[in-house]
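> What follows is coords-v3.txt, made up of compact mmCIF, C-alpha atoms:
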# COMPACT_ATOMS: atom_id res chain seq x y z
CA MET A 1 114.80 145.24 120.56
CA GLY A 2 111.32 144.00 119.93
CA ALA A 3 111.82 143.48 116.22
CA HIS A 4 111.52 139.73 116.72
CA LEU A 5 108.16 140.27 118.42
CA VAL A 6 106.90 142.38 115.55
CA ARG A 7 108.10 139.79 113.06
CA ARG A 8 106.47 137.00 114.99
CA TYR A 9 103.09 138.57 115.75
CA LEU A 10 102.57 140.92 112.84
CA GLY A 11 104.78 139.32 110.22
CA ASP A 12 105.44 135.76 109.17
CA SER A 13 105.38 133.56 112.28
CA SER A 14 106.59 130.42 110.50
CA VAL A 15 110.15 131.75 110.21
CA GLU A 16 110.39 133.19 113.72
CA PRO A 17 111.39 130.73 116.46
CA ASP A 18 108.70 130.01 119.02
CA PRO A 19 110.48 130.12 122.40
CA LEU A 20 108.12 127.52 123.82
CA ARG A 21 108.94 125.00 121.08
CA MET A 22 112.68 125.51 120.81
CA PRO A 23 114.70 123.83 119.40
CA THR A 24 112.98 122.28 116.41
CA PHE A 25 116.23 121.12 114.74
CA PRO A 26 118.66 118.60 116.21
CA PRO A 27 121.44 120.33 118.16
CA ASP A 28 124.20 118.82 116.06
CA TYR A 29 122.55 119.55 112.68
CA GLY A 30 125.50 121.01 110.76
CA PHE A 31 127.94 120.47 113.68
CA PRO A 32 128.99 116.81 113.62
CA GLU A 33 131.50 117.18 116.47
CA ARG A 34 129.17 119.05 118.79
CA LYS A 35 128.97 117.53 122.26
CA GLN A 36 126.65 118.20 125.16
CA ARG A 37 127.87 120.69 127.77
CA GLU A 38 129.54 119.25 130.84
CA MET A 39 128.50 120.24 134.31
CA VAL A 40 131.50 121.17 136.45
CA ALA A 41 129.66 121.24 139.77
CA THR A 42 128.24 117.86 140.77
CA GLN A 43 124.70 117.36 141.97
CA GLN A 44 125.96 116.61 145.46
CA GLU A 45 128.00 119.84 145.56
CA MET A 46 125.05 121.92 144.39
CA SER A 47 122.81 120.31 146.99
CA ASP A 48 125.34 120.95 149.74
CA ALA A 49 125.60 124.60 148.71
CA GLN A 50 121.79 124.78 148.91
CA LEU A 51 121.47 126.47 145.57
CA THR A 52 118.00 127.28 144.33
CA LEU A 53 116.84 125.46 141.24
CA GLN A 54 117.23 128.62 139.18
CA GLN A 55 120.87 128.79 140.21
CA ARG A 56 121.74 125.22 139.22
CA ASP A 57 122.83 125.96 135.69
CA TYR A 58 126.14 125.48 133.93
CA CYS A 59 127.85 128.29 135.89
CA ALA A 60 127.03 126.84 139.29
CA HIS A 61 130.65 126.09 140.14
CA TYR A 62 131.54 129.80 139.95
CA LEU A 63 128.52 130.65 142.04
CA ILE A 64 129.52 128.16 144.72
CA ARG A 65 132.98 129.70 144.85
CA LEU A 66 131.44 133.17 145.10
CA LEU A 67 129.09 132.20 147.91
CA LYS A 68 131.93 130.64 149.86
CA CYS A 69 134.04 133.77 149.42
CA LYS A 70 131.13 135.98 150.52
CA ARG A 71 130.57 133.93 153.62
CA ASP A 72 134.26 133.94 154.50
CA SER A 73 134.81 137.66 154.00
CA PHE A 74 131.72 138.95 155.85
CA PRO A 75 131.29 141.80 156.97
CA ASN A 76 133.48 143.08 154.16
CA PHE A 77 130.78 143.14 151.51
CA LEU A 78 133.12 144.78 148.99
CA ALA A 79 135.38 141.77 148.76
CA CYS A 80 135.01 138.88 146.28
CA LYS A 81 135.23 141.11 143.24
CA HIS A 82 137.21 138.48 141.40
CA GLU A 83 134.76 135.65 142.06
CA GLN A 84 131.85 137.93 141.25
CA HIS A 85 133.41 138.81 137.93
CA ASP A 86 134.06 135.15 137.13
CA TRP A 87 130.47 134.19 137.75
CA ASN A 88 129.16 137.21 135.86
CA TYR A 89 131.36 136.42 132.89
CA CYS A 90 130.26 132.79 132.85
CA GLU A 91 126.60 133.86 132.94
CA HIS A 92 127.30 136.37 130.19
CA LEU A 93 128.82 133.69 127.98
CA ASP A 94 125.83 131.48 128.72
CA TYR A 95 123.47 134.25 127.68
CA VAL A 96 125.45 134.89 124.51
CA MET A 97 125.17 131.19 123.73
CA ARG A 98 121.41 131.42 124.19
CA MET A 99 121.25 134.35 121.81
CA LYS A 100 123.27 132.43 119.27
CA GLU A 101 121.01 129.42 119.61
CA TYR A 102 118.01 131.59 118.94
CA GLU A 103 119.62 133.08 115.88
CA ARG A 104 120.63 129.64 114.64
CA GLU A 105 117.07 128.46 115.00
CA ARG A 106 115.81 131.50 113.11
CA ARG A 107 118.24 131.02 110.23
CA LEU A 108 117.47 127.33 109.97
CA LEU A 109 113.76 128.13 109.80
CA LEU A 110 114.39 130.67 107.05
CA ARG A 111 116.48 128.14 105.17
CA LYS A 112 113.79 125.52 105.52
CA LYS A 113 111.22 127.94 104.17
CA ARG A 114 113.39 128.86 101.21
CA ARG A 115 113.91 125.20 100.38
CA GLU A 116 110.22 124.44 100.56
CA LYS A 117 109.48 127.39 98.33
CA ARG A 118 112.08 126.30 95.81
CA GLU A 119 110.72 122.75 95.78
CA ALA A 120 107.21 124.07 95.27
CA GLU A 121 108.38 126.16 92.35
CA VAL A 122 110.33 123.31 90.85
CA ALA A 123 107.31 121.06 91.20
CA LYS A 124 105.22 123.63 89.34
CA GLY A 125 107.88 123.92 86.66
CA GLN A 126 108.92 127.54 87.32
CA GLY A 127 112.20 126.81 89.06
CA PRO A 128 115.18 129.12 88.59
CA GLY A 129 117.41 126.26 87.51
CA GLU A 130 120.87 125.41 88.79
CA VAL A 131 122.75 127.99 90.80
CA ALA A 132 126.32 128.22 92.11
CA PRO A 133 127.02 125.98 95.12
CA GLU A 134 127.93 128.99 97.31
CA VAL A 135 124.37 130.19 97.27
CA ALA A 136 122.87 128.97 100.54
CA LEU A 137 119.46 127.83 99.44
CA MET B 1 59.99 136.83 205.03
CA ALA B 2 63.09 138.16 206.67
CA ALA B 3 64.44 139.45 203.32
CA ALA B 4 61.13 141.00 202.34
CA ARG B 5 61.08 143.53 205.22
CA PRO B 6 64.30 145.36 204.22
CA GLY B 7 63.12 145.26 200.61
CA VAL B 8 59.84 146.91 201.51
CA LEU B 9 61.62 149.48 203.64
CA GLY B 10 63.95 150.24 200.72
CA VAL B 11 61.05 150.82 198.34
CA ARG B 12 59.27 153.15 200.82
CA TRP B 13 62.48 155.13 201.27
CA LEU B 14 62.88 155.55 197.50
CA GLN B 15 59.32 156.79 197.10
CA ARG B 16 59.78 159.37 199.84
CA ALA B 17 63.15 160.43 198.38
CA GLY B 18 61.64 160.84 194.97
CA ARG B 19 58.78 162.91 196.30
CA ASN B 20 61.19 165.22 198.12
CA VAL B 21 63.12 165.98 194.91
CA VAL B 22 60.32 166.46 192.35
CA PRO B 23 56.80 166.90 193.67
CA LEU B 24 54.11 165.22 191.67
CA GLY B 25 52.63 167.46 189.04
CA ALA B 26 55.53 169.92 188.90
CA ARG B 27 57.05 170.72 185.48
CA THR B 28 60.80 171.12 184.84
CA ALA B 29 62.18 173.16 181.96
CA SER B 30 63.59 170.11 180.17
CA HIS B 31 60.35 168.21 179.84
CA MET B 32 58.26 168.46 176.70
CA SER B 33 54.56 168.85 177.09
CA LYS B 34 52.21 166.46 175.36
CA ASP B 35 51.31 168.96 172.65
CA MET B 36 54.96 169.48 171.65
CA LEU B 37 55.46 165.80 170.74
CA PRO B 38 54.68 164.43 167.27
CA GLY B 39 51.11 163.36 166.75
CA ARG B 40 48.84 161.73 164.20
CA TYR B 41 48.88 162.35 160.49
CA PRO B 42 47.14 165.74 159.89
CA LYS B 43 44.00 165.28 157.84
CA THR B 44 42.36 168.72 157.84
CA PRO B 45 44.03 172.02 156.84
CA GLU B 46 43.72 173.27 160.43
CA GLU B 47 45.59 170.23 161.68
CA ARG B 48 48.27 170.85 159.05
CA ALA B 49 48.67 174.46 160.13
CA ALA B 50 48.91 173.43 163.79
CA ALA B 51 51.50 170.80 162.96
CA ALA B 52 53.54 173.29 160.91
CA LYS B 53 53.48 175.75 163.82
CA LYS B 54 54.50 172.99 166.21
CA TYR B 55 57.56 172.20 164.10
CA ASN B 56 58.45 175.87 163.57
CA MET B 57 57.82 175.62 159.82
CA ARG B 58 55.86 177.69 157.35
CA VAL B 59 52.56 176.13 156.30
CA GLU B 60 53.59 176.16 152.66
CA ASP B 61 56.89 174.39 153.48
CA TYR B 62 55.32 171.77 155.74
CA GLU B 63 54.87 168.37 154.08
CA PRO B 64 54.23 165.28 156.22
CA TYR B 65 55.30 161.78 155.24
CA PRO B 66 52.63 159.81 153.35
CA ASP B 67 50.14 158.08 155.60
CA ASP B 68 50.94 154.48 154.59
CA GLY B 69 51.17 152.85 158.00
CA MET B 70 54.94 153.31 158.48
CA GLY B 71 54.41 155.29 161.68
CA TYR B 72 55.76 158.72 160.73
CA GLY B 73 52.63 160.51 161.93
CA ASP B 74 52.78 164.26 161.29
CA TYR B 75 56.57 164.46 161.28
CA PRO B 76 57.71 166.72 158.42
CA LYS B 77 59.36 165.30 155.34
CA LEU B 78 62.52 167.36 154.89
CA PRO B 79 64.82 167.10 151.83
CA ASP B 80 67.26 164.21 152.11
CA ARG B 81 70.38 166.36 152.34
CA SER B 82 73.14 165.62 154.80
CA GLN B 83 74.71 168.17 157.15
CA HIS B 84 77.82 168.23 154.93
CA GLU B 85 75.92 170.34 152.44
CA ARG B 86 75.12 173.10 154.92
CA ASP B 87 77.14 176.29 154.98
CA PRO B 88 80.31 175.68 157.04
CA TRP B 89 80.88 179.40 157.61
CA TYR B 90 77.46 180.32 158.98
CA ASP B 91 77.22 180.87 162.74
CA TRP B 92 75.10 177.85 163.67
CA ASP B 93 73.82 177.41 167.21
CA HIS B 94 75.21 173.87 167.14
CA PRO B 95 78.27 174.20 164.90
CA ASP B 96 79.06 170.49 164.86
CA LEU B 97 75.55 169.55 163.80
CA ARG B 98 75.19 172.66 161.61
CA LEU B 99 71.77 173.09 163.16
CA ASN B 100 69.97 175.96 164.86
CA TRP B 101 67.87 175.82 168.03
CA GLY B 102 64.25 175.07 167.25
CA GLU B 103 64.96 174.07 163.65
CA PRO B 104 63.04 170.99 162.49
CA MET B 105 65.43 168.03 162.44
CA HIS B 106 65.43 165.51 159.65
CA TRP B 107 63.95 162.10 160.47
CA ASP B 108 67.37 160.57 159.65
CA LEU B 109 69.48 163.31 161.21
CA ASP B 110 71.55 160.76 163.08
CA MET B 111 72.50 159.31 159.69
CA TYR B 112 73.16 162.70 158.09
CA ILE B 113 75.60 164.03 160.67
CA ARG B 114 79.04 164.98 159.43
CA ASN B 115 80.63 161.74 160.58
CA ARG B 116 78.27 159.61 158.52
CA VAL B 117 76.38 159.66 155.24
CA ASP B 118 77.36 162.48 152.90
CA THR B 119 75.01 163.53 150.09
CA SER B 120 77.27 166.29 148.71
CA PRO B 121 77.32 166.56 144.93
CA THR B 122 80.29 164.87 143.27
CA PRO B 123 82.49 166.71 140.70
CA VAL B 124 81.22 164.40 137.94
CA SER B 125 77.91 162.60 137.75
CA TRP B 126 77.40 159.01 138.81
CA ASN B 127 77.13 157.82 135.22
CA VAL B 128 80.41 159.42 134.26
CA MET B 129 82.10 157.95 137.32
CA CYS B 130 80.81 154.47 136.49
CA LYS B 131 81.91 154.77 132.88
CA GLN B 132 85.37 155.94 133.85
CA LEU B 133 85.93 153.24 136.43
CA PHE B 134 84.58 150.30 134.47
CA GLY B 135 86.14 151.58 131.28
CA PHE B 136 89.53 151.64 132.94
CA VAL B 137 89.08 148.21 134.51
CA ALA B 138 87.88 146.74 131.21
CA PHE B 139 90.84 148.27 129.42
CA MET B 140 93.28 146.81 131.94
CA ILE B 141 91.69 143.36 131.69
CA PHE B 142 91.90 143.60 127.91
CA MET B 143 95.56 144.57 128.01
CA PHE B 144 96.37 141.73 130.41
CA TRP B 145 94.60 139.32 128.08
CA VAL B 146 96.60 140.66 125.14
CA GLY B 147 99.78 140.14 127.17
CA GLU B 148 98.77 136.56 127.89
CA LYS B 149 97.99 135.79 124.28
CA TYR B 150 101.02 137.57 122.78
CA PRO B 151 103.75 137.42 125.44
CA SER B 152 106.90 139.42 125.03
CA TYR B 153 110.22 137.63 125.47
CA GLN B 154 113.91 138.14 124.81
CA PRO B 155 115.26 136.67 121.57
CA VAL B 156 117.12 133.89 123.39
CA CYS B 157 116.51 130.22 123.78
CA ARG B 158 115.50 128.83 127.15
CA HIS B 159 117.83 128.89 130.16
CA GLN B 160 119.33 125.44 130.58
CA PHE B 161 119.51 123.91 134.02
CA SER B 162 120.90 120.70 135.40
CA TYR B 163 119.42 119.37 138.61
CA ASN B 164 118.08 116.08 139.80
CA LEU B 165 115.89 115.96 142.89
CA GLY B 166 114.33 112.61 142.11
CA PHE B 167 110.83 113.89 141.57
CA LEU B 168 112.02 116.97 139.68
CA SER B 169 114.83 116.82 137.18
CA ALA B 170 116.27 119.01 134.44
CA LEU B 171 119.35 117.14 133.36
CA GLY B 172 121.03 117.69 130.02
Could you render the structure from this file as structure tokens?

Amino acid sequence: MGAHLVRRYLGDSSVEPDPLRMPTFPPDYGFPERKQREMVATQQEMSDAQLTLQQRDYCAHYLIRLLKCKRDSFPNFLACKHEQHDWNYCEHLDYVMRMKEYERERRLLLRKKRREKREAEVAKGQGPGEVAPEVAL
Amino acid sequence: MAAARPGVLGVRWLQRAGRNVVPLGARTASHMSKDMLPGRYPKTPEERAAAAKKYNMRVEDYEPYPDDGMGYGDYPKLPDRSQHERDPWYDWDHPDLRLNWGEPMHWDLDMYIRNRVDTSPTPVSWNVMCKQLFGFVAFMIFMFWVGEKYPSYQPVCRHQFSYNLGFLSALG
């Protein structure tokens, strides 16, 4: 917690992802079958549910179900545990995906740096030579 | 002319009523005589001694305001200390004003009463207070600037939204 900040501000900032300039690599770089995420809730449904802009993400359909359940079960504020859990889990998976994206960006930056370094060394004539294909240079 | 007659009668009645209450030339206990009021700036030592006696002060304590045309006359120049600094436990004649009967009042006594200006000494000096306050404010401004320049964030990529309001859109 905070190690990425130390690495970015006090260490080498060229291999740490800048959150304002993410992502710098194409999203399907290394994943040829990767497709864009599909929205389940339509724009019209989100508008009708009067969701705030911050709530109109890829878990909005669970949120709409939760809000409807809350409104129907008032004044029992302890109901809707199932819908609440569904929405929370969807948001959790979304957050995990964000963490993974960050880590992917970081590893790709490291890889890019290694490659540049190797090319510089090869250009100077001090390269290490051929290595096994498993080595991820 | 018709309205003048009752007016004249009213004035004559008032004069007679006033004369019945306080005859001309009589003195009441609340009036000050001319020699008890403040006078001109004292120039000779005798005038200074008379002025000090008038104000119930010792001659060596008496110091008038400088004669620079501001109109103080012979009124004494007392130290600029507010009534807050006087002993709260002493048995004053006027406990609220912390003043005794006959004591010379400060020129700005109405400012130095306990509801108003307070000249009590502070626990630390003015310089120390200024340094502490401005030091703290400068430190806070510096830290806010550091936070702006080097923001702290979670190691996640941005939250992805999908909305289209025409003028504002975050699709994809």
> Report the closest atom pair, with its distance in Å rounded to one decimal, for each residue of chain B that has an atom no farther than 9 Å from chain A; count only C-alpha atoms, sort by chain and then rising residue number, and write it as a Markdown table.

| residue | atom | partner | partner_atom | distance |
| --- | --- | --- | --- | --- |
| B:Tyr150 | CA | A:Tyr9 | CA | 7.4 |
| B:Pro151 | CA | A:Leu5 | CA | 8.8 |
| B:Ser152 | CA | A:Leu5 | CA | 6.8 |
| B:Tyr153 | CA | A:Leu5 | CA | 7.8 |
| B:Gln154 | CA | A:Gly2 | CA | 8.1 |
| B:Pro155 | CA | A:Tyr102 | CA | 6.3 |
| B:Val156 | CA | A:Met99 | CA | 4.4 |
| B:Cys157 | CA | A:Arg98 | CA | 5.1 |
| B:Arg158 | CA | A:Pro19 | CA | 7.0 |
| B:His159 | CA | A:Arg98 | CA | 7.4 |
| B:Gln160 | CA | A:Asp57 | CA | 6.2 |
| B:Phe161 | CA | A:Asp57 | CA | 4.2 |
| B:Ser162 | CA | A:Asp57 | CA | 5.6 |
| B:Tyr163 | CA | A:Arg56 | CA | 6.3 |
| B:Asn164 | CA | A:Gln43 | CA | 7.1 |
| B:Leu165 | CA | A:Gln43 | CA | 9.0 |
| B:Gly172 | CA | A:Gln36 | CA | 7.4 |
> Using CA of Arg111 in chain A and CA of Pro27 in chain A as the two end points, give the distance in Å to one decimal.
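Computed distance, CA of Arg111 in chain A to CA of Pro27 in chain A, equals 15.9 Å.
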> Record the distance separating CA of Leu109 in chain A and CA of Glu121 in chain A, expressed in Å with one decimal.
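Calculated distance between CA of Leu109 in chain A and CA of Glu121 in chain A is 18.4 Å.
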> Please indicate the distance in Å from CA of Ala51 in chain B to CA of Trp92 in chain B, rounded to one decimal place.
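Those two atoms sit 24.6 Å apart.
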> May I have the residues within 12 Å of Gly71 in chain B as number ranges by chain, using all atoms listed in the file and disregarding those fewer than 6 positions away in the same chain?
B: 38-41, 64-65, 107
> Let me make sure I understand: among B:Gly135, B:Arg81, B:Asp108, B:Asp87, which one has the smallest atom-to-atom distance to Ser120 in chain B if we use only C-alpha atoms?
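Going through B:Gly135, B:Arg81, B:Asp108, B:Asp87 one by one, the smallest distance to Ser120 in chain B is for B:Arg81.
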> Counting all atoms listed in the file, figure out which residue out of A:Phe25, A:Leu63, A:Glu45, A:Arg7 gets nearest to Arg104 in chain A.
A:Phe25
> List as an mmCIF file with C-alpha atoms, in the frame of the given file the protein and nucleic acid residues near Ala136 in chain A, meaning an atom at most 10 Å away when only C-alpha atoms are counted, but skip any in the same chain fewer than 3 places from it.

data_model
loop_
_atom_site.group_PDB
_atom_site.id
_atom_site.type_symbol
_atom_site.label_atom_id
_atom_site.label_comp_id
_atom_site.auth_asym_id
_atom_site.auth_seq_id
_atom_site.Cartn_x
_atom_site.Cartn_y
_atom_site.Cartn_z
ATOM 1 C CA ARG A 111 116.480 128.140 105.170
ATOM 2 C CA ARG A 114 113.390 128.860 101.210
ATOM 3 C CA ARG A 115 113.910 125.200 100.380
ATOM 4 C CA VAL A 131 122.750 127.990 90.800
ATOM 5 C CA ALA A 132 126.320 128.220 92.110
ATOM 6 C CA PRO A 133 127.020 125.980 95.120
#
> Using all atoms listed in the file, which residue out of A:Phe31, A:Lys113, A:Tyr62, A:Leu67 lies closest to Asp86 in chain A?
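Nearest to Asp86 in chain A: A:Tyr62.
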> Output range 83-118 of chain B with N, CA and C atoms present, as a PDB file, in the coordinates of the input.

ATOM      1  N   GLN B  83      74.201 166.942 156.536  1.00  0.00           N
ATOM      2  CA  GLN B  83      74.710 168.170 157.150  1.00  0.00           C
ATOM      3  C   GLN B  83      75.997 168.638 156.482  1.00  0.00           C
ATOM      4  N   HIS B  84      76.621 167.799 155.661  1.00  0.00           N
ATOM      5  CA  HIS B  84      77.820 168.230 154.930  1.00  0.00           C
ATOM      6  C   HIS B  84      77.495 169.368 153.983  1.00  0.00           C
ATOM      7  N   GLU B  85      76.244 169.369 153.482  1.00  0.00           N
ATOM      8  CA  GLU B  85      75.920 170.340 152.440  1.00  0.00           C
ATOM      9  C   GLU B  85      75.550 171.697 153.023  1.00  0.00           C
ATOM     10  N   ARG B  86      75.469 171.801 154.335  1.00  0.00           N
ATOM     11  CA  ARG B  86      75.120 173.100 154.920  1.00  0.00           C
ATOM     12  C   ARG B  86      76.355 173.985 154.977  1.00  0.00           C
ATOM     13  N   ASP B  87      76.064 175.321 155.045  1.00  0.00           N
ATOM     14  CA  ASP B  87      77.140 176.290 154.980  1.00  0.00           C
ATOM     15  C   ASP B  87      78.111 176.117 156.160  1.00  0.00           C
ATOM     16  N   PRO B  88      79.378 175.846 155.917  1.00  0.00           N
ATOM     17  CA  PRO B  88      80.310 175.680 157.040  1.00  0.00           C
ATOM     18  C   PRO B  88      80.675 176.996 157.710  1.00  0.00           C
ATOM     19  N   TRP B  89      80.438 178.108 157.062  1.00  0.00           N
ATOM     20  CA  TRP B  89      80.880 179.400 157.610  1.00  0.00           C
ATOM     21  C   TRP B  89      79.775 180.132 158.347  1.00  0.00           C
ATOM     22  N   TYR B  90      78.543 179.649 158.268  1.00  0.00           N
ATOM     23  CA  TYR B  90      77.460 180.320 158.980  1.00  0.00           C
ATOM     24  C   TYR B  90      77.576 180.040 160.476  1.00  0.00           C
ATOM     25  N   ASP B  91      77.096 180.979 161.273  1.00  0.00           N
ATOM     26  CA  ASP B  91      77.220 180.870 162.740  1.00  0.00           C
ATOM     27  C   ASP B  91      76.066 180.049 163.300  1.00  0.00           C
ATOM     28  N   TRP B  92      76.161 178.706 163.163  1.00  0.00           N
ATOM     29  CA  TRP B  92      75.100 177.850 163.670  1.00  0.00           C
ATOM     30  C   TRP B  92      75.070 177.841 165.192  1.00  0.00           C
ATOM     31  N   ASP B  93      73.905 177.558 165.758  1.00  0.00           N
ATOM     32  CA  ASP B  93      73.820 177.410 167.210  1.00  0.00           C
ATOM     33  C   ASP B  93      74.580 176.164 167.661  1.00  0.00           C
ATOM     34  N   HIS B  94      74.443 175.097 166.872  1.00  0.00           N
ATOM     35  CA  HIS B  94      75.210 173.870 167.140  1.00  0.00           C
ATOM     36  C   HIS B  94      76.164 173.682 165.974  1.00  0.00           C
ATOM     37  N   PRO B  95      77.400 174.193 166.095  1.00  0.00           N
ATOM     38  CA  PRO B  95      78.270 174.200 164.900  1.00  0.00           C
ATOM     39  C   PRO B  95      78.595 172.798 164.394  1.00  0.00           C
ATOM     40  N   ASP B  96      78.702 171.836 165.316  1.00  0.00           N
ATOM     41  CA  ASP B  96      79.060 170.490 164.860  1.00  0.00           C
ATOM     42  C   ASP B  96      77.920 169.871 164.063  1.00  0.00           C
ATOM     43  N   LEU B  97      76.693 170.099 164.519  1.00  0.00           N
ATOM     44  CA  LEU B  97      75.550 169.550 163.800  1.00  0.00           C
ATOM     45  C   LEU B  97      75.096 170.435 162.665  1.00  0.00           C
ATOM     46  N   ARG B  98      75.637 171.656 162.595  1.00  0.00           N
ATOM     47  CA  ARG B  98      75.190 172.660 161.610  1.00  0.00           C
ATOM     48  C   ARG B  98      73.686 172.814 161.674  1.00  0.00           C
ATOM     49  N   LEU B  99      73.208 173.049 162.891  1.00  0.00           N
ATOM     50  CA  LEU B  99      71.770 173.090 163.160  1.00  0.00           C
ATOM     51  C   LEU B  99      71.516 174.254 164.102  1.00  0.00           C
ATOM     52  N   ASN B 100      70.345 174.894 163.953  1.00  0.00           N
ATOM     53  CA  ASN B 100      69.970 175.960 164.860  1.00  0.00           C
ATOM     54  C   ASN B 100      68.957 175.453 165.874  1.00  0.00           C
ATOM     55  N   TRP B 101      68.819 176.201 167.003  1.00  0.00           N
ATOM     56  CA  TRP B 101      67.870 175.820 168.030  1.00  0.00           C
ATOM     57  C   TRP B 101      66.464 175.952 167.473  1.00  0.00           C
ATOM     58  N   GLY B 102      65.621 174.958 167.710  1.00  0.00           N
ATOM     59  CA  GLY B 102      64.250 175.070 167.250  1.00  0.00           C
ATOM     60  C   GLY B 102      64.047 174.704 165.803  1.00  0.00           C
ATOM     61  N   GLU B 103      65.119 174.428 165.061  1.00  0.00           N
ATOM     62  CA  GLU B 103      64.960 174.070 163.650  1.00  0.00           C
ATOM     63  C   GLU B 103      64.412 172.644 163.541  1.00  0.00           C
ATOM     64  N   PRO B 104      63.534 172.367 162.608  1.00  0.00           N
ATOM     65  CA  PRO B 104      63.040 170.990 162.490  1.00  0.00           C
ATOM     66  C   PRO B 104      64.165 170.062 162.030  1.00  0.00           C
ATOM     67  N   MET B 105      64.365 168.970 162.774  1.00  0.00           N
ATOM     68  CA  MET B 105      65.430 168.030 162.440  1.00  0.00           C
ATOM     69  C   MET B 105      64.914 167.011 161.454  1.00  0.00           C
ATOM     70  N   HIS B 106      65.801 166.555 160.595  1.00  0.00           N
ATOM     71  CA  HIS B 106      65.430 165.510 159.650  1.00  0.00           C
ATOM     72  C   HIS B 106      65.154 164.211 160.411  1.00  0.00           C
ATOM     73  N   TRP B 107      64.251 163.384 159.857  1.00  0.00           N
ATOM     74  CA  TRP B 107      63.950 162.100 160.470  1.00  0.00           C
ATOM     75  C   TRP B 107      65.231 161.269 160.639  1.00  0.00           C
ATOM     76  N   ASP B 108      66.112 161.348 159.628  1.00  0.00           N
ATOM     77  CA  ASP B 108      67.370 160.570 159.650  1.00  0.00           C
ATOM     78  C   ASP B 108      68.565 161.448 159.982  1.00  0.00           C
ATOM     79  N   LEU B 109      68.365 162.412 160.897  1.00  0.00           N
ATOM     80  CA  LEU B 109      69.480 163.310 161.210  1.00  0.00           C
ATOM     81  C   LEU B 109      70.685 162.557 161.744  1.00  0.00           C
ATOM     82  N   ASP B 110      70.410 161.499 162.526  1.00  0.00           N
ATOM     83  CA  ASP B 110      71.550 160.760 163.080  1.00  0.00           C
ATOM     84  C   ASP B 110      72.366 160.087 161.986  1.00  0.00           C
ATOM     85  N   MET B 111      71.746 159.869 160.824  1.00  0.00           N
ATOM     86  CA  MET B 111      72.500 159.310 159.690  1.00  0.00           C
ATOM     87  C   MET B 111      73.216 160.423 158.931  1.00  0.00           C
ATOM     88  N   TYR B 112      72.626 161.630 158.918  1.00  0.00           N
ATOM     89  CA  TYR B 112      73.160 162.700 158.090  1.00  0.00           C
ATOM     90  C   TYR B 112      74.152 163.583 158.796  1.00  0.00           C
ATOM     91  N   ILE B 113      74.585 163.205 160.006  1.00  0.00           N
ATOM     92  CA  ILE B 113      75.600 164.030 160.670  1.00  0.00           C
ATOM     93  C   ILE B 113      76.903 163.950 159.895  1.00  0.00           C
ATOM     94  N   ARG B 114      77.829 164.835 160.246  1.00  0.00           N
ATOM     95  CA  ARG B 114      79.040 164.980 159.430  1.00  0.00           C
ATOM     96  C   ARG B 114      79.998 163.818 159.562  1.00  0.00           C
ATOM     97  N   ASN B 115      79.766 162.918 160.501  1.00  0.00           N
ATOM     98  CA  ASN B 115      80.630 161.740 160.580  1.00  0.00           C
ATOM     99  C   ASN B 115      80.137 160.617 159.703  1.00  0.00           C
ATOM    100  N   ARG B 116      78.901 160.750 159.180  1.00  0.00           N
ATOM    101  CA  ARG B 116      78.270 159.610 158.520  1.00  0.00           C
ATOM    102  C   ARG B 116      77.904 159.971 157.107  1.00  0.00           C
ATOM    103  N   VAL B 117      76.728 159.580 156.656  1.00  0.00           N
ATOM    104  CA  VAL B 117      76.380 159.660 155.240  1.00  0.00           C
ATOM    105  C   VAL B 117      76.511 161.081 154.708  1.00  0.00           C
ATOM    106  N   ASP B 118      77.114 161.186 153.533  1.00  0.00           N
ATOM    107  CA  ASP B 118      77.360 162.480 152.900  1.00  0.00           C
ATOM    108  C   ASP B 118      76.662 162.503 151.549  1.00  0.00           C
TER     109      ASP B 118
END
